[in-house]
file coords16.txt (compact mmCIF, C-alpha atoms and all ligand atoms)
# COMPACT_ATOMS: atom_id res chain seq x y z
CA MET Y 1 20.08 16.67 -24.67
CA ALA Y 2 22.68 14.23 -23.40
CA ALA Y 3 22.07 12.69 -19.98
CA ALA Y 4 25.30 14.32 -18.80
CA ASP Y 5 23.77 17.77 -19.25
CA LEU Y 6 20.64 17.06 -17.23
CA ILE Y 7 20.41 17.87 -13.53
CA PRO Y 8 20.17 14.66 -11.49
CA VAL Y 9 17.27 14.38 -9.07
CA ASN Y 10 17.55 12.10 -6.06
CA ILE Y 11 14.38 11.02 -4.33
CA VAL Y 12 14.61 10.26 -0.61
CA THR Y 13 11.62 8.27 0.50
CA GLY Y 14 10.69 6.05 3.41
CA PHE Y 15 7.87 5.47 5.82
CA LEU Y 16 6.79 7.96 8.49
CA GLY Y 17 9.44 8.38 11.15
CA SER Y 18 12.05 6.31 9.32
CA GLY Y 19 14.68 9.05 9.41
CA LYS Y 20 14.52 10.62 5.94
CA THR Y 21 15.27 14.13 7.16
CA THR Y 22 18.10 12.98 9.41
CA LEU Y 23 19.67 11.15 6.50
CA LEU Y 24 19.24 14.09 4.15
CA ARG Y 25 20.74 16.48 6.68
CA ARG Y 26 23.73 14.18 7.06
CA LEU Y 27 24.17 13.97 3.29
CA LEU Y 28 23.83 17.68 2.70
CA ALA Y 29 26.65 18.36 5.13
CA SER Y 30 29.12 16.89 2.60
CA PRO Y 31 30.97 19.36 0.38
CA GLU Y 32 30.08 17.30 -2.72
CA LEU Y 33 26.42 18.15 -2.19
CA ALA Y 34 26.87 21.82 -1.31
CA ASN Y 35 25.22 22.75 -4.58
CA THR Y 36 22.13 20.63 -4.07
CA ALA Y 37 18.65 22.14 -4.06
CA VAL Y 38 16.15 20.46 -1.77
CA LEU Y 39 12.39 20.06 -1.97
CA VAL Y 40 10.54 18.73 1.05
CA ASN Y 41 6.89 17.94 1.54
CA GLU Y 42 6.86 18.50 5.24
CA LEU Y 43 9.06 20.77 7.26
CA GLY Y 44 10.05 17.99 9.59
CA GLU Y 45 10.80 18.07 13.25
CA VAL Y 46 14.52 17.79 12.58
CA GLY Y 47 14.60 21.11 10.76
CA LEU Y 48 16.74 21.23 7.66
CA ASP Y 49 18.42 24.59 7.30
CA HIS Y 50 19.82 24.23 3.85
CA LEU Y 51 20.53 27.22 1.67
CA LEU Y 52 18.45 25.92 -1.19
CA LEU Y 53 15.58 24.40 0.73
CA ARG Y 54 12.10 24.78 -0.70
CA HIS Y 55 8.78 23.51 0.52
CA VAL Y 56 6.19 21.88 -1.69
CA ASP Y 57 2.58 21.49 -0.59
CA GLU Y 58 1.20 18.19 -1.68
CA THR Y 59 -1.85 19.03 -3.69
CA THR Y 60 -4.31 17.17 -5.82
CA VAL Y 61 -2.89 14.61 -8.12
CA VAL Y 62 -4.02 14.73 -11.72
CA LEU Y 63 -4.63 11.45 -13.45
CA PRO Y 64 -4.29 12.03 -17.19
CA SER Y 65 -4.00 8.35 -17.99
CA GLY Y 66 -6.32 7.02 -15.35
CA CYS Y 67 -3.51 5.04 -13.75
CA VAL Y 68 -2.06 6.05 -10.43
CA CYS Y 69 1.59 5.36 -11.21
CA CYS Y 70 1.44 7.65 -14.24
CA ALA Y 71 -0.19 10.55 -12.41
CA LEU Y 72 1.40 13.92 -13.03
CA ARG Y 73 2.01 15.66 -9.74
CA ASP Y 74 1.17 19.28 -10.48
CA ASP Y 75 2.48 20.46 -7.14
CA LEU Y 76 5.85 18.89 -7.75
CA SER Y 77 6.01 20.05 -11.34
CA ALA Y 78 5.28 23.65 -10.31
CA ALA Y 79 7.83 23.58 -7.49
CA VAL Y 80 10.62 22.15 -9.64
CA ARG Y 81 9.84 24.51 -12.53
CA ASP Y 82 9.95 27.41 -10.09
CA LEU Y 83 13.34 26.31 -8.77
CA TYR Y 84 14.68 25.91 -12.27
CA GLY Y 85 13.35 29.32 -13.30
CA LYS Y 86 15.04 31.02 -10.36
CA ARG Y 87 18.24 29.16 -11.13
CA GLU Y 88 18.17 30.45 -14.70
CA GLN Y 89 17.37 34.01 -13.58
CA GLY Y 90 20.25 33.84 -11.15
CA THR Y 91 18.09 34.62 -8.11
CA ILE Y 92 19.27 31.38 -6.52
CA PRO Y 93 22.65 29.64 -6.93
CA LYS Y 94 23.13 27.44 -9.96
CA PHE Y 95 22.40 24.15 -8.21
CA ASP Y 96 23.78 21.02 -9.87
CA ARG Y 97 21.58 18.44 -8.14
CA LEU Y 98 18.09 18.29 -6.67
CA ALA Y 99 16.98 16.17 -3.72
CA ILE Y 100 13.30 15.55 -3.08
CA GLU Y 101 12.18 14.29 0.30
CA THR Y 102 8.75 12.68 0.01
CA THR Y 103 6.08 12.29 2.64
CA GLY Y 104 6.09 9.00 4.49
CA LEU Y 105 3.09 7.67 2.64
CA ALA Y 106 4.18 8.85 -0.79
CA ASP Y 107 4.31 6.49 -3.72
CA PRO Y 108 7.59 7.30 -5.49
CA ALA Y 109 6.25 6.25 -8.91
CA PRO Y 110 4.23 9.43 -9.68
CA ILE Y 111 7.21 11.52 -8.59
CA ILE Y 112 9.44 9.67 -11.05
CA PHE Y 113 6.74 9.91 -13.70
CA THR Y 114 6.39 13.67 -13.21
CA LEU Y 115 10.13 14.28 -13.56
CA MET Y 116 10.30 12.19 -16.72
CA ALA Y 117 7.02 13.04 -18.41
CA ASP Y 118 6.52 16.71 -17.63
CA PRO Y 119 7.17 18.47 -20.96
CA VAL Y 120 9.42 21.11 -19.37
CA LEU Y 121 11.13 19.18 -16.60
CA ARG Y 122 12.27 16.30 -18.75
CA HIS Y 123 14.46 18.64 -20.77
CA HIS Y 124 16.36 19.82 -17.71
CA PHE Y 125 16.29 17.00 -15.17
CA ARG Y 126 16.86 13.29 -14.99
CA VAL Y 127 16.01 10.82 -12.24
CA GLY Y 128 19.02 9.66 -10.24
CA HIS Y 129 19.11 7.19 -7.40
CA VAL Y 130 16.02 6.67 -5.29
CA VAL Y 131 17.06 6.23 -1.65
CA THR Y 132 14.65 4.56 0.77
CA THR Y 133 14.96 4.61 4.54
CA VAL Y 134 13.53 1.76 6.61
CA ASP Y 135 13.70 1.99 10.37
CA ALA Y 136 14.61 -1.07 12.35
CA VAL Y 137 12.17 -0.32 15.14
CA ASN Y 138 9.00 -0.19 13.03
CA GLY Y 139 10.11 -1.18 9.53
CA ALA Y 140 9.09 -4.83 9.73
CA THR Y 141 5.60 -3.83 10.85
CA HIS Y 142 5.33 -1.26 8.07
CA LEU Y 143 6.37 -3.83 5.48
CA THR Y 144 3.70 -6.23 6.68
CA GLN Y 145 0.92 -3.69 7.00
CA HIS Y 146 1.49 -0.98 4.42
CA PRO Y 147 1.87 -1.68 0.71
CA GLU Y 148 3.30 1.86 0.36
CA SER Y 149 6.26 0.81 2.45
CA VAL Y 150 6.91 -2.30 0.33
CA LYS Y 151 6.73 -0.22 -2.82
CA GLN Y 152 9.21 2.32 -1.48
CA VAL Y 153 11.69 -0.52 -0.95
CA ALA Y 154 10.93 -2.12 -4.33
CA VAL Y 155 11.61 1.10 -6.23
CA ALA Y 156 14.81 1.93 -4.30
CA ASP Y 157 18.30 2.05 -5.78
CA ARG Y 158 19.69 2.27 -2.25
CA VAL Y 159 18.12 1.13 1.01
CA VAL Y 160 19.24 2.65 4.30
CA LEU Y 161 18.30 0.83 7.49
CA THR Y 162 18.03 3.33 10.33
CA LYS Y 163 17.86 2.92 14.11
CA THR Y 164 19.51 -0.51 14.04
CA ASP Y 165 21.39 0.59 17.15
CA LEU Y 166 18.05 0.62 18.96
CA THR Y 167 17.18 -3.01 18.20
CA GLY Y 168 18.86 -6.38 18.53
CA ARG Y 169 21.19 -7.69 15.83
CA GLU Y 170 18.78 -10.46 14.95
CA HIS Y 171 15.99 -7.99 14.36
CA ALA Y 172 18.18 -5.86 12.10
CA GLU Y 173 19.26 -8.89 10.09
CA ALA Y 174 15.65 -10.07 9.65
CA LEU Y 175 14.72 -6.63 8.33
CA ARG Y 176 17.70 -6.64 5.98
CA ALA Y 177 16.58 -10.05 4.66
CA ALA Y 178 13.03 -8.80 4.14
CA CYS Y 179 14.32 -5.79 2.16
CA ARG Y 180 16.67 -7.95 0.13
CA ARG Y 181 13.87 -10.27 -0.87
CA ILE Y 182 11.72 -7.38 -2.08
CA ASN Y 183 14.64 -5.76 -3.88
CA PRO Y 184 17.71 -8.00 -4.28
CA ALA Y 185 19.60 -5.53 -6.47
CA ALA Y 186 19.71 -2.47 -4.23
CA PRO Y 187 22.67 -2.23 -1.85
CA ILE Y 188 21.51 -2.04 1.77
CA PHE Y 189 23.32 0.22 4.24
CA GLU Y 190 22.97 0.63 7.99
CA ALA Y 191 23.01 4.28 8.97
CA ALA Y 192 24.50 3.46 12.38
CA VAL Y 193 27.59 1.65 11.12
CA ASP Y 194 28.13 2.00 7.36
CA PRO Y 195 29.63 4.92 5.47
CA ILE Y 196 26.62 6.59 3.85
CA GLY Y 197 27.89 9.63 2.06
CA PRO Y 198 27.00 11.04 -1.35
CA GLU Y 199 29.30 8.53 -2.98
CA GLN Y 200 27.37 5.58 -1.61
CA LEU Y 201 23.87 6.98 -2.01
CA PHE Y 202 23.63 9.68 -4.67
CA ILE Y 203 26.58 9.78 -7.02
CA GLY Y 204 27.37 7.29 -9.76
CA ASP Y 205 24.06 6.11 -11.17
CA PRO Y 206 24.30 4.54 -14.64
CA ALA Y 207 23.50 7.84 -16.40
CA ASP Y 208 26.13 9.70 -14.37
CA PRO Y 209 29.29 10.06 -16.45
CA SER Y 210 31.38 10.22 -13.27
CA GLY Y 211 29.86 7.01 -12.04
CA THR Y 212 31.55 3.65 -12.10
CA ARG Y 213 28.38 2.07 -13.45
CA GLN Y 214 28.70 -0.64 -10.90
CA ASP Y 215 24.98 -0.58 -10.49
CA ALA Y 216 24.26 -2.11 -13.83
CA TRP Y 217 26.51 -5.04 -13.01
CA ARG Y 218 24.94 -5.52 -9.65
CA TRP Y 219 21.66 -6.23 -11.35
CA LEU Y 220 23.37 -8.92 -13.39
CA GLY Y 221 24.08 -10.72 -10.14
CA VAL Y 222 20.42 -11.20 -9.26
CA ALA Y 223 19.64 -14.89 -9.14
CA PRO Y 224 17.48 -16.12 -12.01
CA GLY Y 225 15.17 -18.13 -9.81
CA THR Y 226 12.11 -16.86 -8.02
CA PRO Y 227 13.14 -16.47 -4.42
CA PRO Y 228 10.73 -18.39 -2.24
CA PRO Y 229 8.77 -16.11 0.04
CA GLU Y 230 10.92 -16.84 3.04
CA THR Y 231 11.07 -14.30 5.81
CA ALA Y 232 11.95 -14.60 9.43
CA ALA Y 233 9.24 -16.01 11.64
CA GLY Y 234 6.71 -13.37 12.45
CA GLN Y 235 7.62 -11.19 9.46
CA VAL Y 236 5.49 -13.07 6.97
CA SER Y 237 2.74 -10.90 5.64
CA PRO Y 238 0.36 -10.34 2.78
CA HIS Y 239 2.21 -7.26 1.54
CA ASP Y 240 5.86 -8.11 1.63
CA ARG Y 241 5.15 -11.57 0.23
CA ASP Y 242 3.35 -10.12 -2.76
CA VAL Y 243 6.47 -8.50 -4.10
CA TYR Y 244 9.41 -10.52 -5.40
CA ALA Y 245 12.22 -10.34 -7.93
CA PHE Y 246 13.52 -12.63 -10.64
CA SER Y 247 15.66 -12.45 -13.73
CA VAL Y 248 15.31 -13.78 -17.26
CA THR Y 249 18.01 -14.19 -19.88
CA VAL Y 250 18.10 -14.14 -23.66
CA ASP Y 251 21.05 -15.85 -25.32
CA ARG Y 252 21.11 -13.94 -28.57
CA ALA Y 253 21.45 -10.34 -29.63
CA LEU Y 254 18.17 -8.45 -29.66
CA ASP Y 255 16.66 -6.43 -32.41
CA TRP Y 256 16.27 -3.03 -30.75
CA THR Y 257 13.01 -2.06 -32.41
CA ALA Y 258 11.36 -5.41 -31.76
CA PHE Y 259 12.53 -5.37 -28.16
CA GLY Y 260 11.17 -1.85 -27.69
CA ILE Y 261 7.78 -2.92 -28.99
CA TRP Y 262 7.77 -5.99 -26.76
CA LEU Y 263 8.71 -4.06 -23.61
CA THR Y 264 6.16 -1.34 -24.37
CA MET Y 265 3.42 -3.90 -24.83
CA LEU Y 266 4.43 -5.79 -21.70
CA LEU Y 267 4.39 -2.64 -19.59
CA ASN Y 268 1.11 -1.51 -21.12
CA ALA Y 269 -0.46 -4.79 -20.12
CA HIS Y 270 1.21 -5.37 -16.76
CA GLY Y 271 2.83 -2.09 -15.66
CA ASP Y 272 0.59 -1.89 -12.62
CA ASP Y 273 2.28 -5.02 -11.29
CA ILE Y 274 5.79 -4.51 -12.66
CA LEU Y 275 7.25 -2.22 -10.03
CA ARG Y 276 10.66 -2.24 -11.57
CA VAL Y 277 12.45 -3.64 -14.60
CA LYS Y 278 16.11 -3.30 -15.36
CA GLY Y 279 17.93 -4.91 -18.22
CA ILE Y 280 21.38 -5.17 -19.66
CA LEU Y 281 20.91 -5.81 -23.34
CA HIS Y 282 23.02 -7.16 -26.13
CA VAL Y 283 21.61 -5.33 -29.13
CA VAL Y 284 22.29 -6.31 -32.73
CA GLY Y 285 24.99 -4.08 -34.17
CA VAL Y 286 25.88 -2.47 -30.82
CA PRO Y 287 29.21 -3.68 -29.41
CA THR Y 288 28.61 -2.40 -25.88
CA PRO Y 289 25.77 -3.16 -23.48
CA VAL Y 290 22.63 -1.06 -23.41
CA VAL Y 291 20.91 -0.54 -20.05
CA VAL Y 292 17.16 -0.12 -19.86
CA HIS Y 293 15.39 0.75 -16.69
CA GLY Y 294 11.70 1.15 -15.98
CA VAL Y 295 9.33 1.89 -13.14
CA GLN Y 296 5.82 0.59 -13.75
CA HIS Y 297 4.54 1.98 -17.07
CA LEU Y 298 7.56 4.17 -17.58
CA VAL Y 299 10.93 3.43 -19.19
CA HIS Y 300 13.95 5.70 -18.70
CA PRO Y 301 15.99 6.63 -21.78
CA PRO Y 302 18.46 3.81 -22.51
CA VAL Y 303 22.06 4.24 -21.38
CA HIS Y 304 25.08 2.88 -23.24
CA LEU Y 305 27.82 1.44 -21.07
CA ASP Y 306 31.50 1.42 -22.00
CA GLY Y 307 31.91 -2.31 -22.30
CA TRP Y 308 30.97 -5.75 -21.03
CA PRO Y 309 32.50 -6.79 -17.71
CA THR Y 310 32.83 -10.46 -18.61
CA ALA Y 311 32.84 -12.71 -21.65
CA ASP Y 312 29.13 -13.38 -21.10
CA ARG Y 313 27.30 -10.98 -23.37
CA GLY Y 314 23.85 -12.36 -22.91
CA THR Y 315 20.90 -10.12 -22.29
CA ARG Y 316 19.54 -10.22 -18.78
CA LEU Y 317 16.39 -8.58 -17.48
CA VAL Y 318 15.51 -8.29 -13.81
CA PHE Y 319 11.91 -7.74 -12.76
CA ILE Y 320 10.49 -6.74 -9.40
CA VAL Y 321 6.81 -7.59 -9.57
CA ARG Y 322 3.74 -7.56 -7.40
CA LYS Y 323 1.41 -10.54 -7.60
CA LEU Y 324 2.46 -11.30 -11.16
CA PRO Y 325 3.50 -14.88 -11.93
CA ARG Y 326 6.91 -14.91 -13.57
CA GLN Y 327 5.52 -17.31 -16.17
CA VAL Y 328 3.49 -14.45 -17.65
CA ILE Y 329 6.69 -12.58 -18.47
CA GLU Y 330 8.59 -15.71 -19.52
CA ARG Y 331 5.87 -16.76 -21.93
CA SER Y 332 5.70 -13.30 -23.42
CA LEU Y 333 9.47 -13.19 -23.81
CA ALA Y 334 9.51 -16.65 -25.39
CA ALA Y 335 6.92 -15.55 -27.94
CA PHE Y 336 8.97 -12.46 -28.68
CA ASN Y 337 12.09 -14.59 -29.11
CA ARG Y 338 10.42 -16.80 -31.66
CA LEU Y 339 9.39 -13.75 -33.66
CA ALA Y 340 12.64 -11.79 -33.37
CA THR Y 341 14.93 -14.22 -35.11
CA VAL Y 342 17.29 -11.65 -36.55
CA GLY Y 343 19.87 -11.91 -33.80
CA GLU Y 344 22.81 -14.24 -33.91
CA ARG Y 345 23.40 -16.39 -30.85
CA VAL Y 346 25.93 -15.02 -28.42
CA ALA Y 347 26.20 -17.84 -25.94
ZN ZN W 401 0.97 3.89 -14.88
call {"tool": "encode", "arguments": {"input": "coords16.txt", "output": "structure tokens"}}
result
Amino acid sequence: MAAADLIPVNIVTGFLGSGKTTLLRRLLASPELANTAVLVNELGEVGLDHLLLRHVDETTVVLPSGCVCCALRDDLSAAVRDLYGKREQGTIPKFDRLAIETTGLADPAPIIFTLMADPVLRHHFRVGHVVTTVDAVNGATHLTQHPESVKQVAVADRVVLTKTDLTGREHAEALRAACRRINPAAPIFEAAVDPIGPEQLFIGDPADPSGTRQDAWRWLGVAPGTPPPETAAGQVSPHDRDVYAFSVTVDRALDWTAFGIWLTMLLNAHGDDILRVKGILHVVGVPTPVVVHGVQHLVHPPVHLDGWPTADRGTRLVFIVRKLPRQVIERSLAAFNRLATVGERVA
């Protein structure tokens, strides 16, 4: 089934007390999201009163593969299947989007895995933007003390800083810098001052036909170098220094099959430490760019874009990794390049 026919799922995550429910309530008030079904883990203190709200009890996680990021969440699978079943029976409105609010300590990776790997769900749903809230009052502390918080930022497509009106400007900017270092590709918004409607946060991911596909190009802008672990004084920590981003380029067209094998092997070996990979690929025989996008051991179905934005048609891959030297990936890619000599040079 084409991506356009699948129901997009937006995941709203963020540490305890970071304002997930407030953000979701604000978003759901927009007419564009009137037809959005909502799943929440906790019925929060703010009290969402959405027409299509459902509650999911977080239950035991099953680990079919033995790795945490690829755990199928039975609770989530059952709740989403139930929603879909009622939608098909007509007992609830025919929702055209699903939003999932996670618990504060949730790792978004198993949620993404469940939506993409569950044999039923993957035929009806696709993963849209992951939105992560970070509150300015406690966010810096969470990033230094809780790896869950760092991971929520690393996996985000959009970061929303909340409560910046309660702290000094300097504090808010330091937090923004910390988030940007963990995830340089995700746009960062401030809930107190920026427009944060559906258009900014939910609509227009690369698989969304109505989207501008700006996101793919934003990833191209990520600097190739490893950013030094610089954070504002006092923010330096074991956890937020572990995670960093870098990009690698390939100056010739790729053989799709060989690339697929390489990426699969790389993620098999290092998926625990590759929190995120996104690539814009020049593939042999394909005139337009192909976008690949993975979270840990999982790769989303590739998306074809309409065209290249500039004359530069080189392949670029951006990685967000945890404790993995970039040389490991560069060496692997260099070996792959020597083997895959079918492509003609493009730059
Ligand atoms: Zn895994």
call {"tool": "closest_residue", "arguments": {"input": "coords16.txt", "among": "Y:Pro301, Y:Pro309, Y:Pro198, Y:Gly85", "to": "Arg122 of chain Y", "atoms": "all atoms listed in the file"}}
result
Y:Pro301
call {"tool": "residues_around", "arguments": {"input": "coords16.txt", "residues": "segment 253-264 of chain Y", "least_positions_apart": "4", "cutoff": "12 Å", "atoms": "only C-alpha atoms", "output": "PyMOL selection string"}}
result
chain Y and resi 249+268-271+274+277-294+296-302+312-317+319+329+331-347
call {"tool": "atom_distance", "arguments": {"input": "coords16.txt", "atom1": "atom CA of His123 of chain Y", "atom2": "atom CA of Asp107 of chain Y"}}
result
23.3 Å
call {"tool": "closest_atom_pairs", "arguments": {"input": "coords16.txt", "of": "chain Y", "to": "ligand ZN 401 (chain W)", "cutoff": "9 Å", "atoms": "all atoms listed in the file", "output": "Markdown table"}}
result
| residue | atom | partner | partner_atom | distance |
| --- | --- | --- | --- | --- |
| Y:Ser65 | CA | W:ZN401 | ZN | 7.4 |
| Y:Gly66 | CA | W:ZN401 | ZN | 7.9 |
| Y:Cys67 | CA | W:ZN401 | ZN | 4.8 |
| Y:Val68 | CA | W:ZN401 | ZN | 5.8 |
| Y:Cys69 | CA | W:ZN401 | ZN | 4.0 |
| Y:Cys70 | CA | W:ZN401 | ZN | 3.8 |
| Y:Ala71 | CA | W:ZN401 | ZN | 7.2 |
| Y:Ala109 | CA | W:ZN401 | ZN | 8.3 |
| Y:Pro110 | CA | W:ZN401 | ZN | 8.3 |
| Y:Phe113 | CA | W:ZN401 | ZN | 8.4 |
| Y:Leu267 | CA | W:ZN401 | ZN | 8.7 |
| Y:Asn268 | CA | W:ZN401 | ZN | 8.3 |
| Y:Gly271 | CA | W:ZN401 | ZN | 6.3 |
| Y:Asp272 | CA | W:ZN401 | ZN | 6.2 |
| Y:Val295 | CA | W:ZN401 | ZN | 8.8 |
| Y:Gln296 | CA | W:ZN401 | ZN | 6.0 |
| Y:His297 | CA | W:ZN401 | ZN | 4.6 |
| Y:Leu298 | CA | W:ZN401 | ZN | 7.1 |
call {"tool": "decode", "arguments": {"input": "coords16.txt", "residues": "segment 150-176 of chain Y", "atoms": "N, CA and C atoms", "output": "CSV table (one decimal), in the first residue's frame"}}
result
chain,number,residue,atom,x,y,z
Y,150,VAL,N,17.7,12.0,26.9
Y,150,VAL,CA,18.6,12.2,25.8
Y,150,VAL,C,18.1,11.5,24.5
Y,151,LYS,N,17.6,10.3,24.7
Y,151,LYS,CA,17.1,9.5,23.6
Y,151,LYS,C,15.8,10.1,23.0
Y,152,GLN,N,15.0,10.6,23.9
Y,152,GLN,CA,13.8,11.2,23.4
Y,152,GLN,C,14.1,12.4,22.5
Y,153,VAL,N,15.1,13.1,22.8
Y,153,VAL,CA,15.6,14.3,22.0
Y,153,VAL,C,16.2,13.8,20.7
Y,154,ALA,N,17.0,12.7,20.8
Y,154,ALA,CA,17.8,12.2,19.7
Y,154,ALA,C,16.8,11.7,18.6
Y,155,VAL,N,15.7,11.1,19.0
Y,155,VAL,CA,14.8,10.4,18.1
Y,155,VAL,C,13.8,11.4,17.5
Y,156,ALA,N,13.8,12.7,18.0
Y,156,ALA,CA,12.7,13.6,17.7
Y,156,ALA,C,12.9,14.1,16.2
Y,157,ASP,N,11.7,14.4,15.6
Y,157,ASP,CA,11.7,15.2,14.4
Y,157,ASP,C,11.5,16.7,14.7
Y,158,ARG,N,10.8,16.9,15.8
Y,158,ARG,CA,10.6,18.3,16.2
Y,158,ARG,C,10.8,18.3,17.7
Y,159,VAL,N,11.5,19.4,18.2
Y,159,VAL,CA,11.7,19.5,19.6
Y,159,VAL,C,11.0,20.8,20.1
Y,160,VAL,N,10.2,20.7,21.1
Y,160,VAL,CA,9.5,21.9,21.6
Y,160,VAL,C,10.0,22.2,23.1
Y,161,LEU,N,10.6,23.3,23.2
Y,161,LEU,CA,11.1,23.8,24.5
Y,161,LEU,C,9.9,24.4,25.2
Y,162,THR,N,9.6,23.9,26.4
Y,162,THR,CA,8.4,24.5,27.2
Y,162,THR,C,8.9,25.3,28.4
Y,163,LYS,N,8.1,26.1,28.9
Y,163,LYS,CA,8.3,26.8,30.2
Y,163,LYS,C,9.5,27.7,30.1
Y,164,THR,N,9.9,28.2,28.8
Y,164,THR,CA,11.0,29.1,28.7
Y,164,THR,C,10.7,30.5,29.3
Y,165,ASP,N,9.4,30.7,29.5
Y,165,ASP,CA,9.0,32.0,30.1
Y,165,ASP,C,9.2,32.0,31.6
Y,166,LEU,N,9.5,30.8,32.1
Y,166,LEU,CA,9.8,30.7,33.6
Y,166,LEU,C,11.3,30.8,33.9
Y,167,THR,N,12.1,30.8,32.9
Y,167,THR,CA,13.6,30.8,33.2
Y,167,THR,C,14.2,32.0,32.4
Y,168,GLY,N,15.4,32.3,32.7
Y,168,GLY,CA,16.1,33.3,32.1
Y,168,GLY,C,16.4,32.9,30.6
Y,169,ARG,N,16.7,34.0,29.8
Y,169,ARG,CA,17.0,33.8,28.4
Y,169,ARG,C,18.2,32.9,28.2
Y,170,GLU,N,19.2,33.1,29.0
Y,170,GLU,CA,20.5,32.4,28.9
Y,170,GLU,C,20.3,30.9,29.1
Y,171,HIS,N,19.4,30.6,30.1
Y,171,HIS,CA,19.1,29.2,30.4
Y,171,HIS,C,18.4,28.6,29.3
Y,172,ALA,N,17.5,29.3,28.7
Y,172,ALA,CA,16.7,28.7,27.5
Y,172,ALA,C,17.7,28.5,26.4
Y,173,GLU,N,18.6,29.4,26.1
Y,173,GLU,CA,19.5,29.3,25.0
Y,173,GLU,C,20.5,28.1,25.2
Y,174,ALA,N,20.9,27.9,26.5
Y,174,ALA,CA,21.8,26.8,26.8
Y,174,ALA,C,21.1,25.5,26.5
Y,175,LEU,N,19.8,25.4,26.9
Y,175,LEU,CA,19.1,24.2,26.7
Y,175,LEU,C,18.9,23.9,25.2
Y,176,ARG,N,18.6,25.0,24.5
Y,176,ARG,CA,18.5,24.9,23.0
Y,176,ARG,C,19.8,24.3,22.4
